[in-house]
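Novice: Handing you a structure now.
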Amino acid sequence: MILTNASVASIQTKMAAYPSKKSAILPAITIAYRQVGYLSEDIYVEISGIIDVPAVEIAEAASFYTMFPKKPVGKYLIQVCHNISCALLGADSLIEYLEKKLDIKKGETTRDNLFTLISVECLGACATAPMVQINHDYYESLTPVRVDEIIAELRSQA
Ligand code: FES
């Protein structure tokens with residue numbers, strides 16, 4: 001078993017709030033992601049056993065959401081929005097800056113396993129572009145100076 005008793009209990013509590021089992025898929029994968037840090041086939045099978053929905057349907061739902069990594073990632077998952085508002089205000093430059101700063105390419109994890117860098121679709125903070133989501137937090141109106149501060153802050157907390 002990958003999921004803890006606490007995660008299973010949380011999923012069961014969420015299930016009770018919905019009239020349909022399938023409605024519990026998204027809350028269940030969110031709970032699993034928060035515990036494990038990524039999703040996998042084994043996790044889909046475990047969730048399937050809890051909510052009684054075929055694992056393939058859980059995998060299909062999870063595949064829509066880039067915010068749920070499908071393989072292990074670093075302690076900090078940096079998701080750079082590359083959609084139109086962010087693109088117009090420098091998302092590509094921001095990605096290049098992070099690649100150089102972290103010495104990795106998009107899709108990779110730093111050797112110390114601290115940072116994984118990916119780019120994602122709109123995160124709904126278009127008015128404060130360019131922006132990134134790092135784990136559960138948004139960082140908006142980014143500049144290289146602000147990026148340096150954020151990375152330094154995260155490194156100091158590691
Ligand atoms: S386009 Fe980047 S948050 Fe919407």
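Just so we're on the same page: first chain in the structure tokens is A, next is B, and so on; residues restart at 1 for each chain, and ligands are numbered from 1 in the order they show up.
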Mind the document's chain letters and residue numbers, and return as JSON, numbers by chain the residues of chain A that DSSP labels helix (DSSP H, G or I).
Specialist: {"A": [5, 6, 7, 8, 9, 10, 11, 12, 13, 14, 15, 16, 21, 22, 23, 24, 25, 26, 27, 28, 29, 30, 31, 32, 33, 34, 35, 36, 41, 42, 43, 44, 45, 46, 47, 48, 49, 50, 51, 55, 56, 57, 58, 59, 60, 61, 62, 63, 84, 85, 86, 87, 88, 91, 92, 93, 94, 95, 96, 97, 98, 99, 100, 101, 102, 126, 127, 128, 144, 145, 146, 147, 148, 149, 150, 151, 152, 153, 154, 155, 156, 157]}
Novice: Counting only C-alpha atoms and all ligand atoms, what are the residues of chain A within 9 Å of ligand 1, and for each of them which pair of atoms is the nearest and at what distance in Å, to one decimal? Sort the table by chain and rising number, as CSV.
Specialist:
residue,atom,partner,partner_atom_place_in_ligand_line,distance
A:Val80,CA,ligand 1,2 (Fe),8.1
A:Cys81,CA,ligand 1,2 (Fe),4.7
A:His82,CA,ligand 1,2 (Fe),6.0
A:Asn83,CA,ligand 1,1 (S),4.1
A:Ile84,CA,ligand 1,1 (S),4.9
A:Ser85,CA,ligand 1,1 (S),4.1
A:Cys86,CA,ligand 1,2 (Fe),4.3
A:Ala87,CA,ligand 1,1 (S),7.0
A:Leu88,CA,ligand 1,1 (S),8.7
A:Ala91,CA,ligand 1,2 (Fe),8.2
A:Val120,CA,ligand 1,2 (Fe),8.7
A:Glu121,CA,ligand 1,2 (Fe),7.2
A:Cys122,CA,ligand 1,4 (Fe),3.9
A:Leu123,CA,ligand 1,3 (S),4.3
A:Gly124,CA,ligand 1,3 (S),4.4
A:Ala125,CA,ligand 1,3 (S),3.9
A:Cys126,CA,ligand 1,4 (Fe),3.6
A:Ala127,CA,ligand 1,3 (S),7.3
A:Thr128,CA,ligand 1,3 (S),7.4
A:Ala129,CA,ligand 1,2 (Fe),5.6
A:Pro130,CA,ligand 1,2 (Fe),6.1
A:Met131,CA,ligand 1,2 (Fe),6.2
A:Val132,CA,ligand 1,3 (S),8.0
A:Glu140,CA,ligand 1,3 (S),8.8
Novice: Limited to N, CA, C and O atoms, could you put the picked residues into a file as an mmCIF file, in the first residue's frame?
Specialist:
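Output file out.cif follows:
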data_model
loop_
_atom_site.group_PDB
_atom_site.id
_atom_site.type_symbol
_atom_site.label_atom_id
_atom_site.label_comp_id
_atom_site.auth_asym_id
_atom_site.auth_seq_id
_atom_site.Cartn_x
_atom_site.Cartn_y
_atom_site.Cartn_z
ATOM 1 N N VAL A 80 5.982 26.671 -14.782
ATOM 2 C CA VAL A 80 5.956 27.981 -15.426
ATOM 3 C C VAL A 80 4.795 28.014 -16.408
ATOM 4 O O VAL A 80 4.724 27.174 -17.316
ATOM 5 N N CYS A 81 3.910 28.991 -16.251
ATOM 6 C CA CYS A 81 2.814 29.128 -17.221
ATOM 7 C C CYS A 81 3.381 29.641 -18.536
ATOM 8 O O CYS A 81 4.146 30.603 -18.552
ATOM 9 N N HIS A 82 3.006 28.982 -19.639
ATOM 10 C CA HIS A 82 3.508 29.410 -20.958
ATOM 11 C C HIS A 82 2.377 29.864 -21.874
ATOM 12 O O HIS A 82 2.565 29.963 -23.079
ATOM 13 N N ASN A 83 1.194 30.108 -21.288
ATOM 14 C CA ASN A 83 0.072 30.541 -22.131
ATOM 15 C C ASN A 83 0.180 32.024 -22.506
ATOM 16 O O ASN A 83 1.131 32.697 -22.124
ATOM 17 N N ILE A 84 -0.841 32.504 -23.216
ATOM 18 C CA ILE A 84 -0.700 33.765 -23.945
ATOM 19 C C ILE A 84 -0.273 34.970 -23.108
ATOM 20 O O ILE A 84 0.678 35.659 -23.466
ATOM 21 N N SER A 85 -0.928 35.223 -21.984
ATOM 22 C CA SER A 85 -0.551 36.413 -21.196
ATOM 23 C C SER A 85 0.875 36.297 -20.694
ATOM 24 O O SER A 85 1.664 37.254 -20.771
ATOM 25 N N CYS A 86 1.208 35.129 -20.189
ATOM 26 C CA CYS A 86 2.567 34.926 -19.678
ATOM 27 C C CYS A 86 3.577 34.928 -20.824
ATOM 28 O O CYS A 86 4.675 35.477 -20.684
ATOM 29 N N ALA A 87 3.181 34.340 -21.961
ATOM 30 C CA ALA A 87 4.084 34.319 -23.111
ATOM 31 C C ALA A 87 4.386 35.743 -23.579
ATOM 32 O O ALA A 87 5.535 36.081 -23.878
ATOM 33 N N LEU A 88 3.346 36.580 -23.627
ATOM 34 C CA LEU A 88 3.546 37.961 -24.077
ATOM 35 C C LEU A 88 4.431 38.750 -23.124
ATOM 36 O O LEU A 88 5.065 39.733 -23.502
ATOM 37 N N ALA A 91 7.360 34.607 -20.673
ATOM 38 C CA ALA A 91 7.445 33.238 -20.141
ATOM 39 C C ALA A 91 8.638 32.463 -20.720
ATOM 40 O O ALA A 91 9.328 31.752 -19.987
ATOM 41 N N VAL A 120 3.530 24.774 -18.129
ATOM 42 C CA VAL A 120 2.141 24.313 -18.076
ATOM 43 C C VAL A 120 1.202 25.321 -18.736
ATOM 44 O O VAL A 120 1.596 26.448 -19.030
ATOM 45 N N GLU A 121 -0.019 24.874 -18.908
ATOM 46 C CA GLU A 121 -1.048 25.760 -19.467
ATOM 47 C C GLU A 121 -1.473 26.778 -18.405
ATOM 48 O O GLU A 121 -1.062 26.694 -17.241
ATOM 49 N N CYS A 122 -2.339 27.709 -18.822
ATOM 50 C CA CYS A 122 -2.764 28.834 -17.978
ATOM 51 C C CYS A 122 -3.142 28.390 -16.565
ATOM 52 O O CYS A 122 -3.911 27.456 -16.371
ATOM 53 N N LEU A 123 -2.594 29.110 -15.589
ATOM 54 C CA LEU A 123 -2.874 28.808 -14.180
ATOM 55 C C LEU A 123 -3.852 29.819 -13.589
ATOM 56 O O LEU A 123 -4.057 29.847 -12.371
ATOM 57 N N GLY A 124 -4.437 30.639 -14.460
ATOM 58 C CA GLY A 124 -5.511 31.528 -14.017
ATOM 59 C C GLY A 124 -5.037 32.781 -13.298
ATOM 60 O O GLY A 124 -5.834 33.420 -12.611
ATOM 61 N N ALA A 125 -3.787 33.146 -13.465
ATOM 62 C CA ALA A 125 -3.291 34.379 -12.847
ATOM 63 C C ALA A 125 -2.771 35.301 -13.948
ATOM 64 O O ALA A 125 -1.729 35.945 -13.806
ATOM 65 N N CYS A 126 -3.521 35.377 -15.047
ATOM 66 C CA CYS A 126 -3.065 36.068 -16.250
ATOM 67 C C CYS A 126 -2.790 37.557 -15.997
ATOM 68 O O CYS A 126 -1.935 38.141 -16.654
ATOM 69 N N ALA A 127 -3.520 38.171 -15.078
ATOM 70 C CA ALA A 127 -3.357 39.604 -14.817
ATOM 71 C C ALA A 127 -2.033 39.917 -14.156
ATOM 72 O O ALA A 127 -1.601 41.072 -14.141
ATOM 73 N N THR A 128 -1.385 38.902 -13.605
ATOM 74 C CA THR A 128 -0.108 39.132 -12.929
ATOM 75 C C THR A 128 0.993 38.293 -13.573
ATOM 76 O O THR A 128 1.885 37.782 -12.900
ATOM 77 N N ALA A 129 0.898 38.166 -14.893
ATOM 78 C CA ALA A 129 1.917 37.436 -15.665
ATOM 79 C C ALA A 129 3.220 38.230 -15.689
ATOM 80 O O ALA A 129 3.186 39.459 -15.535
ATOM 81 N N PRO A 130 4.347 37.555 -15.890
ATOM 82 C CA PRO A 130 4.509 36.096 -15.947
ATOM 83 C C PRO A 130 4.517 35.510 -14.537
ATOM 84 O O PRO A 130 4.893 36.179 -13.588
ATOM 85 N N MET A 131 4.119 34.251 -14.466
ATOM 86 C CA MET A 131 3.977 33.660 -13.140
ATOM 87 C C MET A 131 4.374 32.189 -13.153
ATOM 88 O O MET A 131 4.441 31.557 -14.196
ATOM 89 N N VAL A 132 4.616 31.694 -11.951
ATOM 90 C CA VAL A 132 4.877 30.268 -11.787
ATOM 91 C C VAL A 132 4.099 29.786 -10.563
ATOM 92 O O VAL A 132 3.762 30.571 -9.681
ATOM 93 N N GLU A 140 3.946 35.674 -8.682
ATOM 94 C CA GLU A 140 3.432 36.422 -9.832
ATOM 95 C C GLU A 140 4.263 37.673 -10.130
ATOM 96 O O GLU A 140 5.074 38.086 -9.312
#
Novice: Which residue is closest to A:Lys100? Choose from A:Asn113, A:Pro144, A:Leu26, A:Pro19 and count only C-alpha atoms.
Specialist: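 With only C-alpha atoms as the atom set, the closest residue is A:Pro144.
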Novice: Mind checking DSSP for stretch 29-146 of chain A and telling me the strand (DSSP E or B) residues as a VMD selection string?
Specialist: chain A and resid 76 to 81 109 115 to 120 132 to 134 137 to 139
Novice: Go ahead and dump the residues you just picked, N, CA and C atoms, as a CSV table (one decimal), in the first residue's frame.
Specialist:
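File produced: part.csv:
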chain,number,residue,atom,x,y,z
A,76,TYR,N,10.7,20.8,-4.8
A,76,TYR,CA,9.9,22.0,-5.3
A,76,TYR,C,9.6,21.8,-6.8
A,77,LEU,N,8.4,21.7,-7.2
A,77,LEU,CA,8.0,21.5,-8.6
A,77,LEU,C,7.6,22.9,-9.1
A,78,ILE,N,8.5,23.4,-10.0
A,78,ILE,CA,8.3,24.8,-10.6
A,78,ILE,C,7.5,24.6,-11.9
A,79,GLN,N,6.3,25.1,-11.9
A,79,GLN,CA,5.5,25.1,-13.1
A,79,GLN,C,5.3,26.5,-13.6
A,80,VAL,N,6.0,26.7,-14.8
A,80,VAL,CA,6.0,28.0,-15.4
A,80,VAL,C,4.8,28.0,-16.4
A,81,CYS,N,3.9,29.0,-16.3
A,81,CYS,CA,2.8,29.1,-17.2
A,81,CYS,C,3.4,29.6,-18.5
A,109,THR,N,15.1,17.5,-13.3
A,109,THR,CA,15.2,17.7,-11.9
A,109,THR,C,16.6,18.0,-11.6
A,115,PHE,N,14.7,20.9,-7.2
A,115,PHE,CA,13.8,21.6,-8.1
A,115,PHE,C,13.6,20.7,-9.4
A,116,THR,N,12.3,20.7,-9.8
A,116,THR,CA,11.9,20.2,-11.1
A,116,THR,C,11.2,21.3,-11.8
A,117,LEU,N,11.6,21.5,-13.1
A,117,LEU,CA,11.1,22.6,-13.9
A,117,LEU,C,10.2,22.0,-15.0
A,118,ILE,N,9.0,22.5,-15.1
A,118,ILE,CA,8.1,22.2,-16.2
A,118,ILE,C,7.4,23.4,-16.7
A,119,SER,N,6.8,23.4,-17.9
A,119,SER,CA,5.9,24.5,-18.3
A,119,SER,C,4.5,23.9,-18.4
A,120,VAL,N,3.5,24.8,-18.1
A,120,VAL,CA,2.1,24.3,-18.1
A,120,VAL,C,1.2,25.3,-18.7
A,132,VAL,N,4.6,31.7,-12.0
A,132,VAL,CA,4.9,30.3,-11.8
A,132,VAL,C,4.1,29.8,-10.6
A,133,GLN,N,3.9,28.5,-10.6
A,133,GLN,CA,3.4,27.8,-9.4
A,133,GLN,C,4.5,27.0,-8.9
A,134,ILE,N,4.8,27.1,-7.6
A,134,ILE,CA,5.8,26.2,-7.0
A,134,ILE,C,5.1,25.4,-5.9
A,137,ASP,N,2.0,27.1,-4.1
A,137,ASP,CA,2.0,28.6,-4.0
A,137,ASP,C,2.2,29.2,-5.4
A,138,TYR,N,1.6,30.4,-5.6
A,138,TYR,CA,1.8,31.1,-6.8
A,138,TYR,C,2.8,32.3,-6.5
A,139,TYR,N,3.6,32.5,-7.6
A,139,TYR,CA,4.6,33.6,-7.5
A,139,TYR,C,4.3,34.4,-8.8
Novice: Interatomic distance between atom CA of A:Leu98 and atom CA of A:Leu114?
Specialist: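 Between atom CA of A:Leu98 and atom CA of A:Leu114 the gap is 13.3 Å.
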Novice: So that I can check the surroundings of A:Ser48, please list as a ChimeraX atom specification every protein, DNA and RNA residue that reaches within 9 Å of it, counting only C-alpha atoms and ignoring chain neighbours fewer than 6 positions away.
Specialist: /A:25,54-58
Novice: For the residues in that selection, give me all heavy atoms as a CSV table (one decimal), in the first residue's frame.
Specialist:
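The resulting file, part22.csv, is shown below:
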chain,number,residue,atom,x,y,z
A,25,ILE,N,-13.2,11.2,-8.1
A,25,ILE,CA,-11.9,10.9,-8.7
A,25,ILE,C,-10.9,12.1,-8.4
A,25,ILE,O,-9.8,11.9,-8.0
A,25,ILE,CB,-12.0,10.7,-10.2
A,25,ILE,CG1,-12.8,9.4,-10.5
A,25,ILE,CG2,-10.7,10.7,-10.9
A,25,ILE,CD1,-13.0,9.1,-12.0
A,54,PRO,N,-13.0,2.1,-12.2
A,54,PRO,CA,-11.9,1.5,-12.8
A,54,PRO,C,-10.6,2.4,-12.8
A,54,PRO,O,-10.7,3.6,-13.1
A,54,PRO,CB,-12.4,1.2,-14.2
A,54,PRO,CG,-13.8,1.2,-14.1
A,54,PRO,CD,-14.2,2.1,-13.0
A,55,ALA,N,-9.5,1.8,-12.6
A,55,ALA,CA,-8.2,2.5,-12.5
A,55,ALA,C,-8.0,3.3,-13.8
A,55,ALA,O,-7.4,4.4,-13.8
A,55,ALA,CB,-7.0,1.6,-12.2
A,56,VAL,N,-8.4,2.7,-15.0
A,56,VAL,CA,-8.1,3.4,-16.2
A,56,VAL,C,-8.9,4.7,-16.3
A,56,VAL,O,-8.4,5.7,-16.8
A,56,VAL,CB,-8.5,2.5,-17.4
A,56,VAL,CG1,-10.0,2.2,-17.5
A,56,VAL,CG2,-8.0,3.1,-18.7
A,57,GLU,N,-10.0,4.8,-15.7
A,57,GLU,CA,-10.8,6.1,-15.7
A,57,GLU,C,-10.1,7.1,-14.8
A,57,GLU,O,-10.1,8.3,-15.0
A,57,GLU,CB,-12.2,5.8,-15.2
A,57,GLU,CG,-13.0,5.1,-16.2
A,57,GLU,CD,-14.5,5.0,-15.9
A,57,GLU,OE1,-15.1,5.9,-15.3
A,57,GLU,OE2,-15.1,3.9,-16.2
A,58,ILE,N,-9.5,6.6,-13.7
A,58,ILE,CA,-8.8,7.5,-12.8
A,58,ILE,C,-7.5,8.0,-13.5
A,58,ILE,O,-7.2,9.2,-13.5
A,58,ILE,CB,-8.4,6.8,-11.5
A,58,ILE,CG1,-9.7,6.4,-10.8
A,58,ILE,CG2,-7.5,7.6,-10.6
A,58,ILE,CD1,-9.5,5.3,-9.7
Novice: Please provide as a list in words all residues within 12 Å of A:Arg155, with the sequence filter that same-chain residues fewer than 2 positions apart are discarded (counting only C-alpha atoms).
Specialist: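 That gives Lys75, Tyr76, Leu102, Thr110, Asp112, Asn113, Leu114, Phe115, Asp148, Glu149, Ile150, Ile151, Ala152, Glu153, Gln157 and Ala158 of chain A.
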